[in-house]
$ cat data_37.csv   # CSV, C-alpha atoms
chain,number,residue,atom,x,y,z
A,1,LYS,CA,-0.7,-4.3,19.8
A,2,ILE,CA,-3.3,-5.7,17.4
A,3,GLN,CA,-4.9,-7.6,20.3
A,4,ALA,CA,-4.9,-4.5,22.5
A,5,GLU,CA,-6.5,-2.4,19.9
A,6,LEU,CA,-9.1,-5.1,19.2
A,7,GLU,CA,-10.0,-5.2,22.9
A,8,GLU,CA,-10.5,-1.4,22.9
A,9,GLN,CA,-12.7,-1.4,19.9
A,10,LEU,CA,-14.8,-4.4,21.2
A,11,ALA,CA,-15.4,-2.4,24.4
A,12,VAL,CA,-16.6,0.6,22.3
A,13,PHE,CA,-19.0,-1.6,20.2
A,14,GLU,CA,-20.3,-3.4,23.3
A,15,LYS,CA,-20.9,-0.1,25.1
A,16,GLU,CA,-22.9,1.1,22.0
A,17,GLY,CA,-24.9,-2.1,21.9
A,18,LYS,CA,-23.3,-3.1,18.6
A,19,LEU,CA,-22.9,-6.7,19.5
A,20,LEU,CA,-23.0,-8.1,15.9
A,21,GLU,CA,-20.3,-5.7,14.9
A,22,ALA,CA,-18.2,-6.7,17.9
A,23,GLN,CA,-18.7,-10.4,17.1
A,24,ARG,CA,-17.7,-9.9,13.5
A,25,LEU,CA,-14.7,-7.8,14.3
A,26,LYS,CA,-13.5,-10.3,16.9
A,27,GLN,CA,-13.9,-13.2,14.6
A,28,ARG,CA,-12.2,-11.6,11.7
A,29,THR,CA,-9.3,-10.1,13.6
A,30,GLU,CA,-8.5,-13.3,15.5
A,31,TYR,CA,-8.6,-15.2,12.2
A,32,ASP,CA,-6.2,-12.6,10.7
A,33,ILE,CA,-3.8,-12.9,13.7
A,34,GLU,CA,-3.8,-16.7,13.5
A,35,MET,CA,-3.0,-16.5,9.7
A,36,LEU,CA,-0.2,-14.0,10.3
A,37,ARG,CA,1.3,-16.3,13.0
A,38,GLU,CA,0.9,-19.5,10.9
A,39,MET,CA,1.4,-18.3,7.3
A,40,GLY,CA,3.0,-14.8,7.7
A,41,TYR,CA,0.3,-13.3,5.6
A,42,THR,CA,-3.4,-12.7,5.6
A,43,ASN,CA,-5.8,-11.0,3.1
A,44,GLY,CA,-6.0,-7.4,4.2
A,45,VAL,CA,-2.5,-7.5,5.8
A,46,GLU,CA,-2.2,-3.8,4.9
A,47,ASN,CA,-4.8,-3.1,7.7
A,48,TYR,CA,-2.1,-4.1,10.2
A,49,SER,CA,0.9,-2.4,8.7
A,50,ARG,CA,1.2,0.3,11.3
A,51,HIS,CA,1.4,-2.4,14.0
A,52,MET,CA,4.1,-4.2,12.0
A,53,ASP,CA,6.4,-1.2,11.5
A,54,GLY,CA,5.7,0.7,14.7
A,55,ARG,CA,3.8,3.7,13.4
A,56,SER,CA,1.5,5.7,15.6
A,57,GLU,CA,-2.3,5.8,14.9
A,58,GLY,CA,-3.0,8.3,12.1
A,59,GLU,CA,0.6,8.4,10.9
A,60,PRO,CA,0.8,7.8,7.2
A,61,PRO,CA,2.4,4.6,5.8
A,62,TYR,CA,5.8,4.6,4.3
A,63,THR,CA,6.1,5.0,0.5
A,64,LEU,CA,8.9,4.1,-1.9
A,65,LEU,CA,10.1,7.7,-1.8
A,66,ASP,CA,10.8,7.4,1.9
A,67,PHE,CA,13.7,5.1,1.2
A,68,PHE,CA,15.5,7.5,-1.1
A,69,PRO,CA,17.8,10.3,0.1
A,70,ASP,CA,16.4,13.9,-0.1
A,71,ASP,CA,18.6,14.8,-3.1
A,72,PHE,CA,18.0,11.7,-5.3
A,73,LEU,CA,17.6,11.9,-9.0
A,74,ILE,CA,15.5,9.4,-10.9
A,75,MET,CA,15.3,8.8,-14.7
A,76,ILE,CA,12.1,7.3,-16.0
A,77,ASP,CA,12.2,5.8,-19.5
A,78,GLU,CA,8.8,5.8,-21.1
A,79,SER,CA,10.0,5.1,-24.6
A,80,HIS,CA,7.2,2.6,-25.2
A,81,MET,CA,4.7,5.5,-24.9
A,82,THR,CA,3.6,7.2,-28.1
A,83,MET,CA,4.3,10.9,-27.9
A,84,GLY,CA,1.9,13.1,-29.9
$ encode --input "data_37.csv" --output "structure tokens"
Amino acid sequence: KIQAELEEQLAVFEKEGKLLEAQRLKQRTEYDIEMLREMGYTNGVENYSRHMDGRSEGEPPYTLLDFFPDDFLIMIDESHMTMG
């Protein structure tokens, strides 16, 4: 999916005559894909999170609250904070 989106964006840049932008995007994305395959991580991995968890374009990323049931209760102890 990352590769397919890359190809789409490269076509847009090339159509607009933004060849330098296309070259930079291609180089960076292919490097990131290689790092993900070899190391399982790359700087900026959050840029690829929707591809990794199957979200649609524009869909917000999951947050910690998404993993709790609707009726959960949480207690936060901030006793180290000075009240005043």
$ atom_distance --input "data_37.csv" --atom1 "CA of Thr29 in chain A" --atom2 "CA of Ile2 in chain A"
8.4 Å
$ atom_distance --input "data_37.csv" --atom1 "CA of Glu38 in chain A" --atom2 "CA of Val12 in chain A"
29.0 Å
$ atom_distance --input "data_37.csv" --atom1 "CA of Met35 in chain A" --atom2 "CA of Leu20 in chain A"
22.6 Å
$ residues_near_point --input "data_37.csv" --point "(-4.4, -8.5, 5.0)" --cutoff "12 Å" --atoms "only C-alpha atoms" --output "compact mmCIF listing (two decimals) with C-alpha atoms, keeping the file's coordinate frame"
# COMPACT_ATOMS: atom_id res chain seq x y z
CA ARG A 28 -12.20 -11.60 11.70
CA THR A 29 -9.30 -10.10 13.60
CA TYR A 31 -8.60 -15.20 12.20
CA ASP A 32 -6.20 -12.60 10.70
CA ILE A 33 -3.80 -12.90 13.70
CA GLU A 34 -3.80 -16.70 13.50
CA MET A 35 -3.00 -16.50 9.70
CA LEU A 36 -0.20 -14.00 10.30
CA MET A 39 1.40 -18.30 7.30
CA GLY A 40 3.00 -14.80 7.70
CA TYR A 41 0.30 -13.30 5.60
CA THR A 42 -3.40 -12.70 5.60
CA ASN A 43 -5.80 -11.00 3.10
CA GLY A 44 -6.00 -7.40 4.20
CA VAL A 45 -2.50 -7.50 5.80
CA GLU A 46 -2.20 -3.80 4.90
CA ASN A 47 -4.80 -3.10 7.70
CA TYR A 48 -2.10 -4.10 10.20
CA SER A 49 0.90 -2.40 8.70
CA MET A 52 4.10 -4.20 12.00
$ closest_residue --input "data_37.csv" --among "A:His80, A:Gly54, A:Met75, A:Leu25" --to "Gln3 in chain A" --atoms "only C-alpha atoms"
A:Leu25
$ closest_residue --input "data_37.csv" --among "A:Gln27, A:Thr63, A:Ser79, A:Ser56" --to "Leu6 in chain A" --atoms "only C-alpha atoms"
A:Gln27
